[in-house]
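Before any comments, here is the structure.
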Amino acid sequence: MRRFYPQQAEMLEALSDASRVPLAWLIERLADGRRPALPADALALAAASALTDCEGLLARALPVDAIVRRSRPESGFRSIEWTQPWRVAALAGVNEAGLAVACVSNPVAGAATRSAAPAALLAQDCLRRFDSLDGAIDWLLVRPGGGSSLLMLADLSGEIAGVAADGDQRRLLRPAGGLMIHTGGHARQAEIEKGLREASPLMGSDLGRLFGMPLVVVEPGRRRIGMLGGCAAGVADRWFEI
C-alpha cells in the first residue's frame, strides 16, 4: 500500500493517530475488502444520460454504517463521498470536475490475493486525479491491486463504463443500451432489471422504490450524492452537494 497507494497509506496512518485506533485493526478491515461480499452488499448500477433526467447516474447498496465525507486534497480535485468510518477510499462519490465513481465487491469472482492491497482503493485515486472517464479507465486498467471489485464510472459527457478487477486481471465494461446492472445474485434480480429498463426517464428517486433498500445515488452533472431510504423504516432521503 505504501508503494502503490502512498496518499492512502498516509491517510490510514493519520486516521489511526487521530482516532487512537490501532493501525493493525484498520489494516485488518482493509484486508476484508479483498474478500467477496455477500450479494446484498454487492448491488450497483450505472445509467447513461440517455436513460435519465440528468447527465447519468450511479448507485450502490448503502452499508448501515455509511457516512458522508468531504475530501479536500492538497493536490487534486475536491470530492464528496459515501464511505465507512474506517475506510480511506470512497464507496461512491463525485468530484468537482463531475467524475463519479461507485465501487462494490464482486461476490462471484475468484479468491483474494493475500499480499495485495484491494483494487477498491483505486476509487479514491480516480476522484482525486481525473475529470473524465478516459483518464480514469486508463488508470484502473494498469494499476496493481488484489481482491474482487467492480468500479463503475460516469462523467459530464453522460457516458458510463466499468472496470472489473479480479486479482491482477482487469476487464473493461462498456454496456450496450446505456445501462449497467450488477445485482450480485439479488433475489429480485429479474424484477429489478425489468423495472429499470421500463423507467423512462430513470430518476434517482425511482431507485429506492425499485430496490426496496437504502441506496447511495451519485449524480455527476449535479455534483451531488444522495441517500435514498427505499422502504427502510426511519431512513429519509437526503442529498449532499460539493
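Every chain in the C-alpha cells takes a letter, A first, then B, and so on in the order presented; its residues are numbered from 1, and the ligands are numbered from 1 following the presented order.
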Find the spatial neighbours of Ala89 (chain A), counting only C-alpha atoms, within a cut-off of 8 Å - ignore same-chain residues fewer than 3 positions away - and output them as a list in words. Gln8, Thr83, Ala120, Leu121, Leu122, Ala123 and Gln124 of chain A
In region 128-230 of chain A, DSSP alpha helix (DSSP H) residues written as a short mmCIF file (atom, residue, chain, number, x, y, z; two decimals) with C-alpha atoms, in the first residue's frame:
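Full text of result-v6.cif as output:
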data_model
loop_
_atom_site.label_atom_id
_atom_site.label_comp_id
_atom_site.auth_asym_id
_atom_site.auth_seq_id
_atom_site.Cartn_x
_atom_site.Cartn_y
_atom_site.Cartn_z
CA ARG A 128 -8.60 12.83 -6.79
CA ARG A 129 -6.86 12.61 -10.16
CA LEU A 133 -13.89 8.61 -17.99
CA ASP A 134 -10.97 8.05 -20.34
CA GLY A 135 -8.21 9.02 -17.91
CA ALA A 136 -9.79 7.09 -15.05
CA ILE A 137 -10.25 3.96 -17.16
CA ASP A 138 -6.63 4.00 -18.35
CA TRP A 139 -5.52 4.29 -14.72
CA LEU A 140 -7.77 1.48 -13.48
CA LEU A 141 -6.65 -0.94 -16.18
CA VAL A 142 -2.94 -0.77 -15.30
CA GLN A 189 -32.69 -9.58 -9.98
CA ALA A 190 -35.13 -10.10 -12.87
CA GLU A 191 -37.74 -7.79 -11.33
CA ILE A 192 -35.18 -5.04 -10.68
CA GLU A 193 -33.74 -5.21 -14.20
CA LYS A 194 -37.21 -5.08 -15.74
CA GLY A 195 -38.19 -2.04 -13.63
CA LEU A 196 -35.01 -0.18 -14.51
CA ARG A 197 -35.38 -0.74 -18.22
CA GLU A 198 -39.04 0.29 -18.21
CA GLY A 204 -32.71 8.82 -8.63
CA SER A 205 -35.97 8.82 -6.69
CA ASP A 206 -37.10 5.72 -8.64
CA LEU A 207 -34.22 3.64 -7.38
CA GLY A 208 -35.20 3.41 -3.73
CA ARG A 209 -38.65 2.21 -4.74
CA LEU A 210 -37.34 -0.35 -7.24
CA PHE A 211 -34.72 -1.84 -4.95
#
Would you please work out which residue, of A:Asp155, A:Asp237, A:Asp166, A:Glu219, is nearest to Glu81 (chain A) when using only C-alpha atoms? A:Glu219
Quick one: everything within 8 Å of region 99-105 of chain A, counting only C-alpha atoms, minus sequence neighbours fewer than 3 positions away in the same chain. Send it as a PyMOL selection string. chain A and resi 33-37+41-44+58-60+90-96+120+123+126-127+130-133+148-156+218-220
Could you take the residues named above and write them with N, CA, C and O atoms, as a short mmCIF file (atom, residue, chain, number, x, y, z; two decimals), in the first residue's frame?
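Wrote it out as selection33.cif, contents follow:
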data_model
loop_
_atom_site.label_atom_id
_atom_site.label_comp_id
_atom_site.auth_asym_id
_atom_site.auth_seq_id
_atom_site.Cartn_x
_atom_site.Cartn_y
_atom_site.Cartn_z
N GLY A 33 -11.65 -6.08 2.65
CA GLY A 33 -12.12 -5.58 1.37
C GLY A 33 -11.66 -6.41 0.19
O GLY A 33 -12.14 -6.22 -0.93
N ARG A 34 -10.71 -7.33 0.40
CA ARG A 34 -10.27 -8.20 -0.70
C ARG A 34 -11.17 -9.41 -0.84
O ARG A 34 -11.08 -10.15 -1.82
N ARG A 35 -12.02 -9.66 0.17
CA ARG A 35 -12.83 -10.88 0.15
C ARG A 35 -14.17 -10.62 -0.52
O ARG A 35 -14.74 -9.56 -0.37
N PRO A 36 -14.73 -11.62 -1.22
CA PRO A 36 -16.03 -11.43 -1.84
C PRO A 36 -17.08 -11.07 -0.80
O PRO A 36 -17.11 -11.60 0.30
N ALA A 37 -17.98 -10.16 -1.17
CA ALA A 37 -19.02 -9.70 -0.27
C ALA A 37 -20.26 -10.56 -0.40
O ALA A 37 -20.41 -11.35 -1.33
N ASP A 41 -24.64 -6.81 -0.38
CA ASP A 41 -23.70 -5.69 -0.32
C ASP A 41 -23.05 -5.40 -1.66
O ASP A 41 -22.22 -4.51 -1.76
N ALA A 42 -23.41 -6.15 -2.69
CA ALA A 42 -22.72 -6.05 -3.97
C ALA A 42 -23.58 -5.45 -5.07
O ALA A 42 -23.23 -5.51 -6.24
N LEU A 43 -24.69 -4.86 -4.72
CA LEU A 43 -25.63 -4.34 -5.71
C LEU A 43 -25.19 -2.96 -6.19
O LEU A 43 -24.88 -2.08 -5.38
N ALA A 44 -25.14 -2.77 -7.51
CA ALA A 44 -24.74 -1.48 -8.08
C ALA A 44 -25.32 -1.34 -9.48
O ALA A 44 -25.64 -2.33 -10.14
N LEU A 58 -25.04 6.98 -10.97
CA LEU A 58 -24.53 5.73 -10.41
C LEU A 58 -25.28 5.46 -9.11
O LEU A 58 -25.76 6.38 -8.45
N ALA A 59 -25.36 4.19 -8.72
CA ALA A 59 -25.96 3.85 -7.43
C ALA A 59 -25.34 2.55 -6.93
O ALA A 59 -24.86 1.73 -7.71
N ARG A 60 -25.35 2.40 -5.61
CA ARG A 60 -24.89 1.15 -5.00
C ARG A 60 -25.58 0.97 -3.65
O ARG A 60 -26.16 1.92 -3.09
N ALA A 90 -13.36 5.85 -0.96
CA ALA A 90 -14.80 6.02 -1.07
C ALA A 90 -15.47 4.75 -1.58
O ALA A 90 -14.90 3.98 -2.36
N LEU A 91 -16.71 4.54 -1.11
CA LEU A 91 -17.57 3.53 -1.71
C LEU A 91 -18.29 4.10 -2.93
O LEU A 91 -18.57 3.38 -3.88
N ALA A 92 -18.59 5.38 -2.88
CA ALA A 92 -19.21 6.08 -4.00
C ALA A 92 -18.96 7.56 -3.80
O ALA A 92 -18.92 8.04 -2.66
N GLY A 93 -18.79 8.30 -4.89
CA GLY A 93 -18.56 9.73 -4.74
C GLY A 93 -18.50 10.43 -6.08
O GLY A 93 -18.54 9.80 -7.14
N VAL A 94 -18.39 11.75 -6.01
CA VAL A 94 -18.26 12.56 -7.20
C VAL A 94 -17.30 13.71 -6.89
O VAL A 94 -17.30 14.23 -5.77
N ASN A 95 -16.47 14.08 -7.87
CA ASN A 95 -15.54 15.18 -7.63
C ASN A 95 -16.03 16.46 -8.28
O ASN A 95 -17.04 16.49 -8.98
N GLU A 96 -15.32 17.54 -8.03
CA GLU A 96 -15.75 18.86 -8.50
C GLU A 96 -15.74 18.98 -10.01
O GLU A 96 -16.39 19.86 -10.59
N ALA A 120 -10.11 -1.89 -4.78
CA ALA A 120 -11.16 -0.93 -4.44
C ALA A 120 -10.57 0.42 -4.02
O ALA A 120 -11.25 1.45 -4.12
N ALA A 123 -10.74 3.63 -6.36
CA ALA A 123 -11.87 4.55 -6.47
C ALA A 123 -11.49 5.94 -5.98
O ALA A 123 -11.85 6.95 -6.58
N CYS A 126 -9.23 7.77 -8.45
CA CYS A 126 -9.97 8.32 -9.59
C CYS A 126 -10.59 9.66 -9.24
O CYS A 126 -10.53 10.61 -10.03
N LEU A 127 -11.19 9.77 -8.05
CA LEU A 127 -11.82 11.02 -7.65
C LEU A 127 -10.80 12.14 -7.51
O LEU A 127 -11.07 13.29 -7.84
N PHE A 130 -8.79 12.56 -11.69
CA PHE A 130 -9.32 12.61 -13.05
C PHE A 130 -10.62 13.40 -13.16
O PHE A 130 -11.41 13.47 -12.22
N ASP A 131 -10.82 13.98 -14.37
CA ASP A 131 -12.03 14.75 -14.64
C ASP A 131 -12.91 14.11 -15.69
O ASP A 131 -13.95 14.66 -16.06
N SER A 132 -12.52 12.93 -16.21
CA SER A 132 -13.30 12.28 -17.26
C SER A 132 -13.09 10.77 -17.23
O SER A 132 -12.14 10.27 -16.60
N LEU A 133 -13.94 10.08 -17.96
CA LEU A 133 -13.89 8.61 -17.99
C LEU A 133 -12.57 8.08 -18.54
O LEU A 133 -12.00 7.14 -17.97
N SER A 148 -11.53 -8.73 -5.41
CA SER A 148 -12.51 -8.78 -6.49
C SER A 148 -13.44 -7.59 -6.36
O SER A 148 -14.24 -7.52 -5.42
N SER A 149 -13.34 -6.66 -7.28
CA SER A 149 -14.12 -5.42 -7.20
C SER A 149 -14.67 -5.06 -8.56
O SER A 149 -14.11 -5.43 -9.60
N LEU A 150 -15.77 -4.32 -8.54
CA LEU A 150 -16.32 -3.71 -9.74
C LEU A 150 -16.40 -2.21 -9.49
O LEU A 150 -17.02 -1.77 -8.52
N LEU A 151 -15.75 -1.43 -10.34
CA LEU A 151 -15.78 0.02 -10.25
C LEU A 151 -16.56 0.56 -11.42
O LEU A 151 -16.23 0.29 -12.59
N MET A 152 -17.64 1.30 -11.14
CA MET A 152 -18.46 1.93 -12.16
C MET A 152 -18.15 3.42 -12.22
O MET A 152 -17.91 4.05 -11.19
N LEU A 153 -18.18 3.98 -13.43
CA LEU A 153 -17.78 5.37 -13.65
C LEU A 153 -18.81 6.09 -14.51
O LEU A 153 -19.44 5.50 -15.38
N ALA A 154 -18.95 7.39 -14.25
CA ALA A 154 -19.77 8.27 -15.08
C ALA A 154 -19.15 9.66 -15.05
O ALA A 154 -18.47 10.01 -14.09
N ASP A 155 -19.39 10.46 -16.10
CA ASP A 155 -18.86 11.82 -16.10
C ASP A 155 -19.83 12.75 -16.82
O ASP A 155 -20.96 12.36 -17.17
N LEU A 156 -19.41 14.00 -17.02
CA LEU A 156 -20.30 15.01 -17.57
C LEU A 156 -20.67 14.75 -19.02
O LEU A 156 -21.61 15.38 -19.54
N VAL A 218 -25.41 8.72 -6.98
CA VAL A 218 -24.45 9.76 -7.36
C VAL A 218 -24.88 10.35 -8.70
O VAL A 218 -25.08 9.62 -9.67
N GLU A 219 -25.01 11.68 -8.73
CA GLU A 219 -25.37 12.39 -9.96
C GLU A 219 -24.21 13.31 -10.34
O GLU A 219 -24.02 14.37 -9.75
N PRO A 220 -23.41 12.91 -11.34
CA PRO A 220 -22.21 13.70 -11.67
C PRO A 220 -22.53 15.10 -12.18
O PRO A 220 -21.82 16.05 -11.87
#
According to DSSP computed on the backbone, where in region 54-223 of chain A is there strand (DSSP E)? Give the residues as JSON, numbers by chain. {"A": [57, 58, 59, 60, 61, 67, 68, 69, 70, 71, 79, 80, 81, 82, 83, 92, 93, 94, 95, 100, 101, 102, 103, 104, 105, 148, 149, 150, 151, 152, 153, 154, 160, 161, 162, 163, 164, 165, 166, 169, 170, 171, 172, 173, 179, 180, 181, 182, 215, 216, 217, 218, 219]}
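The spacing separating CA of Ala165 (chain A) from CA of Gly184 (chain A) amounts to 14.7 Å.
One finds CA of Asn106 (chain A) at 8.4 Å from CA of Ala164 (chain A).
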Compile the contact shell of Ala47 (chain A) as a PDB file with N, CA and C atoms, in the first residue's frame: residues with an atom at most 8 Å away, counting only C-alpha atoms, same-chain residues fewer than 4 positions apart removed.
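Here's the written file selection14.pdb:
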ATOM      1  N   LEU A  51     -30.831   7.669 -20.623  1.00  0.00           N
ATOM      2  CA  LEU A  51     -31.881   6.967 -19.897  1.00  0.00           C
ATOM      3  C   LEU A  51     -32.360   7.711 -18.658  1.00  0.00           C
ATOM      4  N   THR A  52     -31.746   8.849 -18.343  1.00  0.00           N
ATOM      5  CA  THR A  52     -32.032   9.524 -17.086  1.00  0.00           C
ATOM      6  C   THR A  52     -32.520  10.951 -17.330  1.00  0.00           C
ATOM      7  N   GLY A  56     -26.598  11.304 -16.457  1.00  0.00           N
ATOM      8  CA  GLY A  56     -26.284   9.964 -15.984  1.00  0.00           C
ATOM      9  C   GLY A  56     -26.279   9.882 -14.477  1.00  0.00           C
ATOM     10  N   LEU A  57     -26.217   8.643 -13.953  1.00  0.00           N
ATOM     11  CA  LEU A  57     -26.153   8.440 -12.508  1.00  0.00           C
ATOM     12  C   LEU A  57     -25.539   7.090 -12.192  1.00  0.00           C
ATOM     13  N   LEU A  58     -25.035   6.981 -10.968  1.00  0.00           N
ATOM     14  CA  LEU A  58     -24.534   5.730 -10.411  1.00  0.00           C
ATOM     15  C   LEU A  58     -25.279   5.459  -9.110  1.00  0.00           C
ATOM     16  N   ILE A 160     -21.150   6.106 -19.460  1.00  0.00           N
ATOM     17  CA  ILE A 160     -20.799   5.279 -18.311  1.00  0.00           C
ATOM     18  C   ILE A 160     -19.850   4.168 -18.758  1.00  0.00           C
ATOM     19  N   GLY A 178     -26.683   1.682 -22.601  1.00  0.00           N
ATOM     20  CA  GLY A 178     -26.502   2.712 -21.590  1.00  0.00           C
ATOM     21  C   GLY A 178     -26.904   2.330 -20.186  1.00  0.00           C
ATOM     22  N   LEU A 179     -27.016   1.038 -19.882  1.00  0.00           N
ATOM     23  CA  LEU A 179     -27.405   0.600 -18.538  1.00  0.00           C
ATOM     24  C   LEU A 179     -26.529  -0.560 -18.106  1.00  0.00           C
ATOM     25  N   MET A 180     -25.898  -0.438 -16.946  1.00  0.00           N
ATOM     26  CA  MET A 180     -25.079  -1.494 -16.365  1.00  0.00           C
ATOM     27  C   MET A 180     -25.654  -1.862 -15.004  1.00  0.00           C
TER      28      MET A 180
END
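Minimum atom-to-atom distances from A:Arg29, A:Arg72, A:Arg3, A:Arg171 to Gln84 (chain A) were compared using only C-alpha atoms, and the lowest value belongs to A:Arg29.
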Excluding Arg222 (chain A) and its own-chain neighbours fewer than 3 positions away, which residues fall within 9 Å of it when counting only C-alpha atoms? Please give them as a PyMOL selection string. chain A and resi 54-55+98+218-219+225+241
Would you put the residues from that selection into a file with N, CA and C atoms, as a short mmCIF file (atom, residue, chain, number, x, y, z; two decimals), in the first residue's frame?
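Output contents, as saved in result10.cif:
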data_model
loop_
_atom_site.label_atom_id
_atom_site.label_comp_id
_atom_site.auth_asym_id
_atom_site.auth_seq_id
_atom_site.Cartn_x
_atom_site.Cartn_y
_atom_site.Cartn_z
N CYS A 54 -30.89 13.45 -16.05
CA CYS A 54 -29.69 14.25 -15.77
C CYS A 54 -28.54 13.67 -16.58
N GLU A 55 -27.30 14.10 -16.27
CA GLU A 55 -26.13 13.61 -17.01
C GLU A 55 -25.68 12.26 -16.49
N GLY A 98 -16.89 16.60 -11.93
CA GLY A 98 -18.03 15.85 -12.42
C GLY A 98 -17.75 14.39 -12.72
N VAL A 218 -25.41 8.72 -6.98
CA VAL A 218 -24.45 9.76 -7.36
C VAL A 218 -24.88 10.35 -8.70
N GLU A 219 -25.01 11.68 -8.73
CA GLU A 219 -25.37 12.39 -9.96
C GLU A 219 -24.21 13.31 -10.34
N ILE A 225 -24.37 13.68 -4.11
CA ILE A 225 -24.64 12.30 -3.74
C ILE A 225 -25.84 12.28 -2.83
N GLU A 241 -24.23 18.12 -1.59
CA GLU A 241 -23.50 18.66 -2.72
C GLU A 241 -22.08 19.05 -2.32
#
So which residues touch Leu23 (chain A) within 12 Å, counting only C-alpha atoms, skipping near sequence neighbours fewer than 2 positions away, as an MDAnalysis selection string? chainID A and resid 9:21 25:30 86
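Nearest residue to Ser200 (chain A) among A:Leu173, A:Leu45, A:Val216, A:Ala50 is A:Ala50, counting only C-alpha atoms.
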